[in-house]
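The next block is final.cif, given as mmCIF, C-alpha atoms.
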data_my_file
loop_
_atom_site.label_atom_id
_atom_site.label_comp_id
_atom_site.auth_asym_id
_atom_site.auth_seq_id
_atom_site.Cartn_x
_atom_site.Cartn_y
_atom_site.Cartn_z
CA MET A 1 -8.02 -11.64 36.45
CA SER A 2 -4.27 -11.91 36.42
CA THR A 3 -2.39 -10.88 33.29
CA LEU A 4 -1.14 -14.35 32.49
CA ALA A 5 -4.61 -15.86 32.72
CA SER A 6 -6.08 -13.20 30.44
CA LEU A 7 -3.26 -13.75 27.94
CA MET A 8 -3.92 -17.50 28.00
CA LEU A 9 -7.59 -16.78 27.40
CA ILE A 10 -6.75 -14.62 24.37
CA ALA A 11 -4.37 -17.26 23.04
CA VAL A 12 -6.72 -20.24 23.31
CA GLY A 13 -9.71 -18.17 22.24
CA SER A 14 -8.15 -16.92 19.02
CA ALA A 15 -6.19 -20.05 18.09
CA ILE A 16 -8.88 -22.67 18.58
CA VAL A 17 -12.28 -21.39 19.67
CA ASN A 18 -12.64 -18.52 17.20
CA ASN A 19 -10.40 -20.05 14.55
CA VAL A 20 -9.43 -17.38 12.04
CA VAL A 21 -10.28 -19.46 8.96
CA LEU A 22 -13.03 -21.75 10.12
CA SER A 23 -15.16 -19.32 12.07
CA GLN A 24 -14.04 -15.84 11.01
CA PHE A 25 -13.43 -16.57 7.31
CA LEU A 26 -10.23 -14.57 7.08
CA GLY A 27 -7.49 -15.91 4.82
CA ILE A 28 -9.77 -18.18 2.83
CA CYS A 29 -7.69 -17.72 -0.34
CA PRO A 30 -4.46 -19.37 0.85
CA PHE A 31 -6.51 -21.86 2.88
CA LEU A 32 -8.09 -23.16 -0.33
CA GLY A 33 -5.26 -22.39 -2.73
CA VAL A 34 -2.11 -23.57 -0.91
CA SER A 35 -3.47 -26.62 0.89
CA LYS A 36 -2.76 -29.35 -1.64
CA LYS A 37 0.36 -30.70 0.12
CA THR A 38 1.21 -30.81 3.80
CA GLU A 39 4.73 -29.41 3.33
CA THR A 40 3.64 -26.34 1.36
CA ALA A 41 0.75 -25.81 3.76
CA ALA A 42 3.16 -25.90 6.70
CA GLY A 43 5.47 -23.45 4.91
CA MET A 44 2.59 -21.08 4.27
CA GLY A 45 1.39 -21.43 7.85
CA GLY A 46 4.89 -20.72 9.17
CA ALA A 47 5.22 -17.62 7.03
CA VAL A 48 1.81 -16.38 8.21
CA ILE A 49 2.82 -16.88 11.86
CA PHE A 50 6.01 -14.92 11.21
CA VAL A 51 4.34 -12.01 9.40
CA ILE A 52 1.23 -11.65 11.57
CA THR A 53 3.25 -11.67 14.81
CA ILE A 54 5.59 -8.94 13.54
CA SER A 55 2.82 -6.93 11.90
CA SER A 56 0.58 -6.97 14.97
CA PHE A 57 3.52 -5.63 16.99
CA ILE A 58 4.40 -2.90 14.47
CA THR A 59 0.82 -1.81 13.80
CA GLY A 60 0.21 -1.84 17.56
CA LEU A 61 3.22 0.45 18.06
CA ILE A 62 2.11 2.80 15.29
CA TYR A 63 -1.43 2.97 16.62
CA LYS A 64 -0.33 3.65 20.20
CA PHE A 65 2.41 6.17 19.51
CA VAL A 66 1.43 7.87 16.26
CA LEU A 67 -2.28 7.61 15.52
CA ALA A 68 -3.65 7.61 19.07
CA ASN A 69 -0.79 9.65 20.51
CA PRO A 70 -1.98 11.13 23.86
CA PHE A 71 -0.22 14.42 23.10
CA LEU A 72 -2.01 14.83 19.78
CA LEU A 73 -5.30 13.70 21.33
CA SER A 74 -4.95 16.33 24.07
CA LYS A 75 -4.49 18.93 21.33
CA GLY A 76 -7.74 17.73 19.76
CA ILE A 77 -6.08 15.99 16.82
CA ASP A 78 -7.56 12.51 16.42
CA LEU A 79 -5.78 10.54 13.73
CA THR A 80 -7.33 7.17 14.53
CA TYR A 81 -9.63 7.39 11.50
CA LEU A 82 -6.53 6.85 9.33
CA LYS A 83 -5.99 3.36 10.71
CA THR A 84 -7.19 1.35 7.69
CA ILE A 85 -5.01 3.29 5.24
CA VAL A 86 -1.96 3.30 7.50
CA PHE A 87 -2.21 -0.37 8.44
CA ILE A 88 -2.54 -1.69 4.89
CA LEU A 89 0.43 0.36 3.70
CA VAL A 90 2.53 -0.62 6.72
CA ILE A 91 1.73 -4.29 6.17
CA ALA A 92 2.57 -4.14 2.46
CA ALA A 93 5.87 -2.40 3.19
CA LEU A 94 6.62 -4.71 6.11
CA VAL A 95 6.23 -7.88 4.03
CA GLN A 96 8.65 -6.48 1.45
CA PHE A 97 11.08 -5.49 4.15
CA VAL A 98 10.90 -8.83 5.96
CA GLU A 99 11.54 -10.58 2.67
CA MET A 100 14.62 -8.47 1.89
CA PHE A 101 15.93 -8.87 5.44
CA LEU A 102 15.55 -12.64 5.45
CA LYS A 103 17.18 -12.92 2.02
CA LYS A 104 20.26 -11.03 3.23
CA LYS A 105 20.62 -12.19 6.83
CA MET A 106 18.92 -15.55 7.21
CA PRO A 107 19.17 -17.45 3.93
CA ALA A 108 18.17 -20.76 5.59
CA LEU A 109 14.90 -19.36 6.94
CA TYR A 110 14.34 -17.50 3.67
CA LYS A 111 14.65 -20.74 1.77
CA SER A 112 11.85 -22.35 3.75
CA LEU A 113 9.51 -19.34 4.10
CA GLY A 114 10.58 -16.95 1.34
CA VAL A 115 8.37 -18.35 -1.38
CA TYR A 116 5.28 -17.74 0.71
CA LEU A 117 6.07 -14.24 1.92
CA PRO A 118 4.87 -12.31 -1.14
CA LEU A 119 1.66 -14.32 -1.00
CA ILE A 120 0.78 -12.80 2.33
CA THR A 121 0.25 -9.11 1.56
CA THR A 122 -3.18 -9.83 0.13
CA ASN A 123 -4.07 -12.19 2.98
CA CYS A 124 -6.93 -10.43 4.71
CA ALA A 125 -6.11 -12.13 8.02
CA VAL A 126 -3.11 -9.80 8.50
CA LEU A 127 -5.15 -6.61 8.17
CA GLY A 128 -8.02 -8.22 10.06
CA VAL A 129 -5.80 -8.98 13.07
CA ALA A 130 -4.39 -5.43 13.11
CA LEU A 131 -7.87 -3.91 13.02
CA ASN A 132 -9.29 -6.33 15.58
CA CYS A 133 -6.52 -5.41 18.05
CA VAL A 134 -7.73 -1.80 17.88
CA THR A 135 -11.40 -2.78 18.19
CA TYR A 136 -10.76 -4.99 21.22
CA GLU A 137 -8.52 -2.28 22.77
CA TYR A 138 -5.62 -4.69 23.35
CA ASN A 139 -2.36 -3.36 24.73
CA LEU A 140 0.91 -4.10 22.96
CA LEU A 141 1.59 -7.44 24.67
CA GLU A 142 -1.98 -8.61 24.20
CA SER A 143 -1.85 -7.58 20.52
CA VAL A 144 1.27 -9.66 19.91
CA VAL A 145 -0.19 -12.68 21.73
CA TYR A 146 -3.45 -12.27 19.83
CA GLY A 147 -1.63 -11.99 16.50
CA PHE A 148 0.62 -14.97 17.20
CA SER A 149 -2.18 -17.25 18.35
CA THR A 150 -4.49 -16.25 15.51
CA ALA A 151 -1.72 -17.20 13.11
CA VAL A 152 -1.21 -20.48 14.96
CA GLY A 153 -4.92 -21.10 14.43
CA PHE A 154 -4.38 -20.51 10.71
CA PHE A 155 -1.43 -22.91 10.77
CA ILE A 156 -3.50 -25.62 12.47
CA ALA A 157 -6.39 -25.20 10.03
CA ILE A 158 -4.31 -25.18 6.84
CA VAL A 159 -2.11 -28.14 7.86
CA LEU A 160 -5.14 -30.21 8.89
CA MET A 161 -6.84 -29.33 5.62
CA ALA A 162 -3.76 -30.33 3.60
CA GLY A 163 -3.58 -33.65 5.45
CA ILE A 164 -7.22 -34.37 4.68
CA ARG A 165 -6.84 -33.31 1.04
CA GLU A 166 -3.93 -35.70 0.56
CA LYS A 167 -6.24 -38.49 1.73
CA ILE A 168 -9.27 -37.45 -0.36
CA GLU A 169 -7.12 -37.45 -3.46
CA TYR A 170 -7.70 -41.21 -3.83
CA ASN A 171 -11.42 -41.17 -3.03
CA ASP A 172 -14.19 -41.64 -5.51
CA ILE A 173 -15.78 -38.20 -5.55
CA PRO A 174 -18.86 -37.38 -7.69
CA LYS A 175 -17.69 -35.55 -10.80
CA THR A 176 -19.45 -32.27 -10.07
CA PHE A 177 -17.93 -32.10 -6.61
CA GLN A 178 -14.35 -32.67 -7.69
CA GLY A 179 -11.94 -29.82 -7.08
CA THR A 180 -12.99 -26.85 -4.99
CA ALA A 181 -16.45 -28.12 -4.04
CA ILE A 182 -15.24 -31.11 -2.06
CA VAL A 183 -12.64 -28.92 -0.35
CA LEU A 184 -15.43 -26.61 0.79
CA VAL A 185 -17.45 -29.56 2.09
CA THR A 186 -14.34 -30.65 4.02
CA ALA A 187 -13.98 -27.13 5.39
CA CYS A 188 -17.61 -27.28 6.49
CA LEU A 189 -17.03 -30.51 8.43
CA MET A 190 -13.83 -29.09 9.98
CA SER A 191 -15.74 -26.00 10.97
CA ILE A 192 -18.39 -28.14 12.68
CA ALA A 193 -15.62 -29.96 14.55
CA PHE A 194 -14.10 -26.67 15.69
CA MET A 195 -17.52 -25.50 16.90
CA GLY A 196 -17.13 -28.20 19.54
CA PHE A 197 -14.47 -26.04 21.20
CA SER A 198 -16.88 -23.16 21.72
CA GLY A 199 -17.82 -24.41 25.18
CA MET A 200 -14.23 -24.06 26.34
CA ILE A 201 -14.38 -20.34 27.10
CA MET B 1 -26.42 -3.12 -27.08
CA ASN B 2 -24.31 -0.02 -26.50
CA LYS B 3 -21.12 -0.20 -24.52
CA TYR B 4 -22.72 0.97 -21.24
CA THR B 5 -25.44 -1.68 -21.14
CA GLU B 6 -22.76 -4.14 -22.27
CA ARG B 7 -20.74 -3.28 -19.11
CA LEU B 8 -23.82 -3.85 -16.94
CA TYR B 9 -24.63 -7.16 -18.65
CA ASN B 10 -21.01 -8.22 -18.33
CA GLY B 11 -20.91 -7.50 -14.59
CA VAL B 12 -24.27 -8.96 -13.64
CA ILE B 13 -24.44 -12.03 -15.91
CA LYS B 14 -21.45 -12.82 -18.08
CA GLU B 15 -18.67 -12.26 -15.55
CA ASN B 16 -20.67 -12.25 -12.33
CA PRO B 17 -17.99 -11.85 -9.64
CA THR B 18 -19.62 -14.26 -7.18
CA PHE B 19 -20.97 -17.06 -9.36
CA VAL B 20 -18.73 -17.02 -12.43
CA LEU B 21 -15.42 -15.42 -11.42
CA MET B 22 -15.65 -16.57 -7.76
CA LEU B 23 -13.95 -13.46 -6.44
CA GLY B 24 -14.12 -11.93 -2.97
CA MET B 25 -14.83 -15.16 -1.15
CA CYS B 26 -13.96 -13.89 2.35
CA PRO B 27 -16.90 -11.44 2.55
CA THR B 28 -19.09 -13.88 0.60
CA LEU B 29 -18.67 -16.49 3.31
CA ALA B 30 -18.51 -14.18 6.29
CA VAL B 31 -21.42 -11.76 6.02
CA THR B 32 -24.12 -13.80 4.30
CA SER B 33 -25.74 -15.07 7.49
CA SER B 34 -28.82 -13.08 6.46
CA ALA B 35 -30.04 -11.51 3.26
CA ILE B 36 -29.97 -8.00 4.76
CA ASN B 37 -26.31 -8.35 5.75
CA GLY B 38 -25.42 -9.67 2.29
CA LEU B 39 -27.28 -6.79 0.66
CA GLY B 40 -25.58 -4.23 2.91
CA MET B 41 -22.13 -5.64 2.24
CA GLY B 42 -22.81 -5.83 -1.49
CA LEU B 43 -24.04 -2.24 -1.68
CA SER B 44 -21.14 -0.84 0.34
CA THR B 45 -18.67 -2.74 -1.84
CA MET B 46 -20.50 -1.38 -4.89
CA VAL B 47 -20.19 2.23 -3.69
CA VAL B 48 -16.46 1.78 -3.09
CA LEU B 49 -16.03 0.03 -6.44
CA ILE B 50 -17.83 2.75 -8.44
CA CYS B 51 -15.89 5.57 -6.76
CA SER B 52 -12.54 3.79 -6.99
CA ASN B 53 -13.12 2.94 -10.67
CA LEU B 54 -13.97 6.58 -11.36
CA LEU B 55 -10.97 8.01 -9.48
CA ILE B 56 -8.47 5.50 -10.84
CA SER B 57 -9.73 6.05 -14.36
CA LEU B 58 -9.41 9.83 -13.92
CA PHE B 59 -5.89 9.55 -12.54
CA ARG B 60 -4.75 6.74 -14.84
CA LYS B 61 -2.46 8.99 -16.85
CA VAL B 62 -0.98 10.69 -13.76
CA ILE B 63 -0.11 7.61 -11.68
CA PRO B 64 3.36 6.27 -12.59
CA ASN B 65 3.28 2.62 -13.54
CA GLY B 66 5.82 1.54 -10.91
CA VAL B 67 3.81 2.76 -7.92
CA ARG B 68 0.33 2.05 -9.23
CA MET B 69 -0.55 -0.67 -6.72
CA PRO B 70 0.25 1.44 -3.62
CA ALA B 71 -1.59 4.36 -5.26
CA TYR B 72 -4.68 2.20 -5.88
CA ILE B 73 -4.52 0.89 -2.32
CA VAL B 74 -4.44 4.44 -0.91
CA ILE B 75 -7.42 5.47 -3.05
CA VAL B 76 -9.44 2.38 -2.12
CA ALA B 77 -8.53 2.61 1.57
CA SER B 78 -9.61 6.27 1.72
CA LEU B 79 -12.95 5.45 0.10
CA VAL B 80 -13.47 2.51 2.45
CA THR B 81 -12.81 4.77 5.44
CA VAL B 82 -15.44 7.22 4.18
CA VAL B 83 -17.98 4.43 3.66
CA GLN B 84 -17.18 2.98 7.08
CA PHE B 85 -17.89 6.28 8.85
CA LEU B 86 -21.03 6.97 6.81
CA MET B 87 -22.37 3.54 7.74
CA ALA B 88 -21.49 3.98 11.40
CA ALA B 89 -23.40 7.27 11.38
CA TYR B 90 -26.50 6.38 9.37
CA LEU B 91 -26.82 2.57 9.59
CA PRO B 92 -25.32 1.74 13.00
CA SER B 93 -26.97 -1.69 13.32
CA LEU B 94 -25.73 -2.86 9.92
CA SER B 95 -22.31 -1.42 10.60
CA LYS B 96 -22.19 -3.41 13.83
CA ALA B 97 -23.31 -6.63 12.10
CA LEU B 98 -20.67 -6.32 9.37
CA GLY B 99 -17.94 -5.26 11.80
CA VAL B 100 -14.36 -5.74 10.65
CA TYR B 101 -15.47 -6.88 7.19
CA ILE B 102 -16.22 -3.26 6.18
CA PRO B 103 -12.58 -2.07 6.47
CA LEU B 104 -11.54 -5.38 4.90
CA ILE B 105 -13.19 -4.24 1.64
CA VAL B 106 -9.71 -2.77 1.02
CA VAL B 107 -8.27 -6.23 0.37
CA ASN B 108 -11.30 -7.44 -1.61
CA CYS B 109 -9.80 -8.71 -4.84
CA ILE B 110 -12.75 -7.53 -6.95
CA ILE B 111 -11.90 -3.88 -6.33
CA LEU B 112 -8.18 -4.01 -7.04
CA GLY B 113 -8.84 -6.48 -9.85
CA ARG B 114 -11.21 -4.09 -11.64
CA ALA B 115 -8.84 -1.18 -11.03
CA GLU B 116 -6.00 -3.07 -12.62
CA SER B 117 -7.83 -4.79 -15.46
CA TYR B 118 -10.45 -2.19 -16.43
CA ALA B 119 -10.35 1.27 -14.84
CA SER B 120 -6.65 1.83 -15.50
CA LYS B 121 -7.21 1.28 -19.22
CA ASN B 122 -10.61 2.90 -19.90
CA GLY B 123 -12.36 6.25 -19.66
CA PRO B 124 -14.22 7.47 -16.55
CA VAL B 125 -17.80 6.92 -17.78
CA GLU B 126 -17.17 3.36 -18.95
CA SER B 127 -15.37 2.67 -15.68
CA ILE B 128 -18.35 3.93 -13.66
CA PHE B 129 -20.64 1.60 -15.59
CA ASP B 130 -18.19 -1.25 -15.12
CA GLY B 131 -18.25 -0.54 -11.38
CA ILE B 132 -22.06 -0.47 -11.33
CA GLY B 133 -22.24 -3.75 -13.26
CA MET B 134 -19.67 -5.59 -11.15
CA GLY B 135 -21.06 -4.11 -7.93
CA LEU B 136 -24.61 -5.15 -8.85
CA GLY B 137 -23.40 -8.63 -9.73
CA PHE B 138 -21.64 -8.93 -6.37
CA THR B 139 -24.66 -7.53 -4.49
CA ILE B 140 -27.02 -9.96 -6.23
CA GLY B 141 -24.68 -12.85 -5.48
CA LEU B 142 -24.34 -12.00 -1.78
CA THR B 143 -28.08 -11.39 -1.41
CA ILE B 144 -28.99 -14.72 -3.01
CA ILE B 145 -26.54 -16.65 -0.83
CA GLY B 146 -27.74 -14.73 2.22
CA LEU B 147 -31.35 -15.49 1.31
CA ILE B 148 -30.67 -19.23 0.96
CA ARG B 149 -28.85 -19.35 4.31
CA GLU B 150 -31.51 -17.26 6.04
CA LEU B 151 -34.41 -19.32 4.65
CA LEU B 152 -32.87 -22.64 5.68
CA GLY B 153 -31.21 -21.48 8.87
CA ALA B 154 -33.81 -19.18 10.39
CA GLY B 155 -36.87 -19.65 8.18
CA THR B 156 -37.18 -15.91 7.57
CA PHE B 157 -37.24 -13.81 4.40
CA PHE B 158 -35.43 -10.46 4.85
CA ASN B 159 -36.08 -10.81 8.61
CA MET B 160 -39.81 -11.40 8.06
CA PRO B 161 -41.26 -14.75 9.16
CA PHE B 162 -41.70 -16.91 6.08
CA LEU B 163 -41.01 -20.62 6.41
CA SER B 164 -40.99 -20.21 10.18
CA ALA B 165 -44.68 -19.23 9.99
CA ILE B 166 -45.47 -22.78 8.88
CA GLU B 167 -46.62 -25.04 11.71
CA GLY B 168 -43.99 -27.57 12.72
CA PHE B 169 -41.10 -26.00 10.75
CA THR B 170 -37.74 -26.40 12.44
CA PRO B 171 -34.98 -24.17 11.08
CA ILE B 172 -31.63 -25.87 10.39
CA THR B 173 -29.66 -23.42 12.53
CA ILE B 174 -26.28 -24.64 11.28
CA PHE B 175 -26.91 -22.79 8.01
CA ILE B 176 -26.62 -19.38 9.63
CA MET B 177 -23.50 -20.43 11.49
CA ALA B 178 -19.98 -20.77 10.06
CA PRO B 179 -20.21 -24.34 8.68
CA GLY B 180 -23.36 -23.46 6.72
CA ALA B 181 -21.44 -20.84 4.75
CA PHE B 182 -18.92 -23.42 3.56
CA LEU B 183 -21.67 -25.92 2.75
CA VAL B 184 -23.80 -23.49 0.73
CA LEU B 185 -20.73 -22.34 -1.19
CA ALA B 186 -19.74 -25.98 -1.86
CA PHE B 187 -23.13 -26.68 -3.44
CA LEU B 188 -22.91 -23.42 -5.36
CA VAL B 189 -19.52 -24.37 -6.83
CA ALA B 190 -20.84 -27.85 -7.68
CA GLY B 191 -23.92 -26.32 -9.34
CA MET B 192 -21.74 -23.94 -11.33
CA ASN B 193 -19.64 -26.92 -12.44
CA ILE B 194 -22.76 -28.43 -14.03
CA ILE B 195 -23.77 -25.13 -15.66
CA ARG B 196 -20.23 -24.61 -16.93
CA LYS B 197 -20.24 -28.04 -18.57
CA LYS B 198 -23.64 -27.40 -20.19
CA MET B 199 -22.55 -24.02 -21.55
CA ALA B 200 -19.30 -25.49 -22.85
CA ALA B 201 -21.27 -28.22 -24.64
CA LYS B 202 -23.42 -25.51 -26.23
CA GLY B 203 -20.27 -23.83 -27.48
CA LYS B 204 -20.67 -20.79 -25.20
CA PRO B 205 -18.18 -21.49 -22.40
CA LEU B 206 -18.39 -19.33 -19.26
CA ALA B 207 -15.42 -17.33 -18.05
CA GLU B 208 -13.12 -19.39 -15.83
CA PRO B 209 -13.01 -18.66 -12.08
CA ALA B 210 -10.45 -15.90 -11.73
CA GLY B 211 -10.08 -15.84 -7.99
CA CYS B 212 -8.31 -17.97 -5.49
CA LEU B 213 -11.00 -20.63 -5.61
CA SER B 214 -9.63 -21.92 -8.88
CA GLY B 215 -6.46 -22.75 -6.94
CA ASP B 216 -4.51 -22.21 -10.12
CA CYS B 217 -2.35 -19.15 -9.63
CA ALA B 218 -0.48 -19.54 -12.90
CA HIS B 219 -3.56 -18.88 -15.02
CA CYS B 220 -5.30 -16.56 -12.59
CA GLY B 221 -6.96 -13.53 -14.15
CA GLN B 222 -5.87 -11.45 -11.18
CA SER B 223 -2.21 -12.36 -11.51
CA ALA B 224 -1.28 -8.82 -12.49
CA MET B 225 -2.27 -7.38 -9.14
CA CYS B 226 -2.25 -10.35 -6.77
CA THR B 227 1.02 -11.11 -5.06
CA GLY B 228 -0.28 -14.53 -4.16
CA LYS B 229 1.08 -16.63 -6.95
CA SER B 230 3.86 -19.05 -7.72
CA ALA B 231 7.31 -17.98 -6.62
CA ALA B 232 8.75 -17.14 -10.02
CA ALA B 233 5.87 -14.92 -11.04
CA GLY B 234 5.82 -13.40 -7.57
CA LYS B 235 9.30 -12.05 -7.99
CA THR B 236 8.39 -9.94 -11.00
CA ALA B 237 5.49 -8.38 -9.14
CA ASP B 238 7.84 -7.54 -6.28
CA SER B 239 10.41 -5.91 -8.45
CA ALA B 240 7.63 -3.90 -10.06
CA LYS B 241 6.53 -2.77 -6.63
CA GLN B 242 9.99 -1.77 -5.52
CA GLU B 243 10.65 0.43 -8.53
#
Now, as a test, write the supplied structure out as C-alpha cells.
Amino acid sequence: MSTLASLMLIAVGSAIVNNVVLSQFLGICPFLGVSKKTETAAGMGGAVIFVITISSFITGLIYKFVLANPFLLSKGIDLTYLKTIVFILVIAALVQFVEMFLKKKMPALYKSLGVYLPLITTNCAVLGVALNCVTYEYNLLESVVYGFSTAVGFFIAIVLMAGIREKIEYNDIPKTFQGTAIVLVTACLMSIAFMGFSGMI
Amino acid sequence: MNKYTERLYNGVIKENPTFVLMLGMCPTLAVTSSAINGLGMGLSTMVVLICSNLLISLFRKVIPNGVRMPAYIVIVASLVTVVQFLMAAYLPSLSKALGVYIPLIVVNCIILGRAESYASKNGPVESIFDGIGMGLGFTIGLTIIGLIRELLGAGTFFNMPFLSAIEGFTPITIFIMAPGAFLVLAFLVAGMNIIRKKMAAKGKPLAEPAGCLSGDCAHCGQSAMCTGKSAAAGKTADSAKQE
C-alpha cells in the first residue's frame, strides 16, 4: 500500500472509526467536564489538537533517538522500558513550555487556547496516544498523523456533545437522571452512532 | 474501630472511589467488559496504590514542596512500569486484554489524589492501610460493573456460562461493547443520586463526587493536584509547579 493511502487509513481510523472518547474511553474527564457550552468545548478541542500533535512528534523523536537508539541497542542497552516515565514527564514539561511560549510569542492564540492548556496534562489521551504510537510501531510521520487525527476525533466528539447538551438543557429530564447521568446516556447514544462507522475500514 | 480498620471502611464503603467519589472513570469505562478484566485492573491499581502510598509517605519529609507533583509522578510511573512487566510475564492474557490501560494507571486520579491528600500527610502504616482500603473499594467497584456488563452482554459469570445456559437466552451484546459502558455508568450515577438523597434525608450525607464527573472544578476534592480546573485556580498550580 502506498504511503499516502496508509496515512489516510490511520487518519480516518483514529478520528472517526476508533474515536478516542467514544470507543477508547480516553479523555473522559474533559469530555464530561468541559462540554457545557459549544465555545468552551471548541476551545478545549483546539488546545487538545495542538498539544497532542506536538507531543506525539516530540515523544516520537525521543523514543526513536534516545530510548530505542540503534547504537545503544547494538551495545545491549535497551532503554525502551523507561517509556512510561519519560513520556509522562515530557508531556507535563511540554504543556508548561507550550503555555509559556504562546504567552510570549502568540498572545492572540494564547487568549483562545491558553485557559485550556493546563487542563491537558492530566488528560490521559495525550499519554495514551504517545504509548499507542510505540505499540503500533508507527514511524515519525505516522505518529504525527495518528496524534493529529486522534485529537480531531476528540474535537468532533466534544463539540457534538456540547451541541447536544445545549439542547437538552431545556428538556424535561427525570430528576434522578439530571446532571451527569443524562450526559452519559447521551454519550452512549453517540457511541452507538459512531459504531456505524466501523464498517468503513 | 481502630484507625486501621477505619481506613479500610473509609476506602471500601464511606468514600468508595468508584461509587461515591466517582474517580478514575477512564479505566472504569474501558476495562469492565468482563468481570475478570475489571478484577485484574482493580488489583493492579491496588498494588500500585499501596506501594506509592508507602513510598510517598516514607519520603514525605524529603520531597521539597515545590517539586512534589513531578516527584510523585516519577514514583508512580516507576511502580506502574514494574507492574506492567510483571503482568506481561506472569499473566500475559490479562496484560493483553488490558493493553494501554495498564501504563495509563499513571494518570489515574485516585493514585495521585491519595498521594496528595493522604500519604503526604500521614505515616507509612496508615498510608498502606489507606491504599488497601481505596484499592479494595476500586477493585470491588470495577468487578461489580464488569459483572453487570458481562451478565447482560454475554450471559456469563466470570467467564463461566450462567444466564447463557438458560434455553432461549439472547445476550444483549451491546453491553460488552463501548456504548454499554456509558449506559451502565449512567444508571449507576442515577442510582447513586437516589441513594445520596436518601442518606441526606437521614442526616448522614455521602461524600460528594470528587472527580471530573461532578463537572464542578471549583469545589473538586482533587483540586490540589489536578491541573484541570478553572483558569484562575490553574495559574496557582502552575506557579507551584514551576518553582
Could you list, as a short mmCIF file (atom, residue, chain, number, x, y, z; two decimals) with C-alpha atoms, in the coordinates of the input, the residues of chain A having an atom within 9 Å of chain B when counting only C-alpha atoms?
data_model
loop_
_atom_site.label_atom_id
_atom_site.label_comp_id
_atom_site.auth_asym_id
_atom_site.auth_seq_id
_atom_site.Cartn_x
_atom_site.Cartn_y
_atom_site.Cartn_z
CA LEU A 22 -13.03 -21.75 10.12
CA SER A 23 -15.16 -19.32 12.07
CA GLN A 24 -14.04 -15.84 11.01
CA PHE A 25 -13.43 -16.57 7.31
CA LEU A 26 -10.23 -14.57 7.08
CA GLY A 27 -7.49 -15.91 4.82
CA ILE A 28 -9.77 -18.18 2.83
CA CYS A 29 -7.69 -17.72 -0.34
CA PRO A 30 -4.46 -19.37 0.85
CA LEU A 32 -8.09 -23.16 -0.33
CA GLY A 33 -5.26 -22.39 -2.73
CA VAL A 34 -2.11 -23.57 -0.91
CA TYR A 81 -9.63 7.39 11.50
CA LEU A 82 -6.53 6.85 9.33
CA LYS A 83 -5.99 3.36 10.71
CA THR A 84 -7.19 1.35 7.69
CA ILE A 85 -5.01 3.29 5.24
CA VAL A 86 -1.96 3.30 7.50
CA ILE A 88 -2.54 -1.69 4.89
CA LEU A 89 0.43 0.36 3.70
CA ALA A 92 2.57 -4.14 2.46
CA GLN A 96 8.65 -6.48 1.45
CA GLY A 114 10.58 -16.95 1.34
CA VAL A 115 8.37 -18.35 -1.38
CA TYR A 116 5.28 -17.74 0.71
CA LEU A 117 6.07 -14.24 1.92
CA PRO A 118 4.87 -12.31 -1.14
CA LEU A 119 1.66 -14.32 -1.00
CA ILE A 120 0.78 -12.80 2.33
CA THR A 121 0.25 -9.11 1.56
CA THR A 122 -3.18 -9.83 0.13
CA ASN A 123 -4.07 -12.19 2.98
CA CYS A 124 -6.93 -10.43 4.71
CA LEU A 127 -5.15 -6.61 8.17
CA GLY A 128 -8.02 -8.22 10.06
CA LEU A 131 -7.87 -3.91 13.02
CA ASN A 132 -9.29 -6.33 15.58
CA THR A 135 -11.40 -2.78 18.19
CA LYS A 175 -17.69 -35.55 -10.80
CA THR A 176 -19.45 -32.27 -10.07
CA PHE A 177 -17.93 -32.10 -6.61
CA GLN A 178 -14.35 -32.67 -7.69
CA GLY A 179 -11.94 -29.82 -7.08
CA THR A 180 -12.99 -26.85 -4.99
CA ALA A 181 -16.45 -28.12 -4.04
CA ILE A 182 -15.24 -31.11 -2.06
CA VAL A 183 -12.64 -28.92 -0.35
CA LEU A 184 -15.43 -26.61 0.79
CA VAL A 185 -17.45 -29.56 2.09
CA THR A 186 -14.34 -30.65 4.02
CA ALA A 187 -13.98 -27.13 5.39
CA CYS A 188 -17.61 -27.28 6.49
CA LEU A 189 -17.03 -30.51 8.43
CA MET A 190 -13.83 -29.09 9.98
CA SER A 191 -15.74 -26.00 10.97
CA ILE A 192 -18.39 -28.14 12.68
CA MET A 195 -17.52 -25.50 16.90
#
Separation of CA of Phe59 (chain B) and CA of Lys14 (chain B), in Å?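 We find that CA of Phe59 (chain B) and CA of Lys14 (chain B) lie 27.8 Å from each other.
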Restricting the calculation to all atoms listed in the file, which member of A:Tyr110, A:Phe87, A:Phe154, A:Phe197 is positioned closest to Ala41 (chain A)?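 Of A:Tyr110, A:Phe87, A:Phe154, A:Phe197, the one nearest Ala41 (chain A), counting all atoms listed in the file, is A:Phe154.
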Neighbours of point (-5.5, -4.4, 18.0) within 10 Å, using only C-alpha atoms, written as a VMD selection string: chain A and resid 56 to 57 59 to 61 63 to 64 128 to 140 142 to 144 146 to 147
By how many Å are CA of Gly203 (chain B) and CA of Pro17 (chain B) apart?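 If I compute the distance from CA of Gly203 (chain B) to CA of Pro17 (chain B), I get 21.6 Å.
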Quick one: apply the PyMOL selection byres ((chain B and resi 87) around 12) to the file and drop the selected residues here as a list in words.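 Going through the file, the PyMOL selection byres ((chain B and resi 87) around 12) ends up selecting Gly40, Met41, Leu43, Ser44, Val47, Val80, Thr81, Val82, Val83, Gln84, Phe85, Leu86, Ala88, Ala89, Tyr90, Leu91, Pro92, Ser93, Leu94, Ser95, Lys96, Ala97, Leu98, Gly99, Ile102 and Pro103 of chain B.
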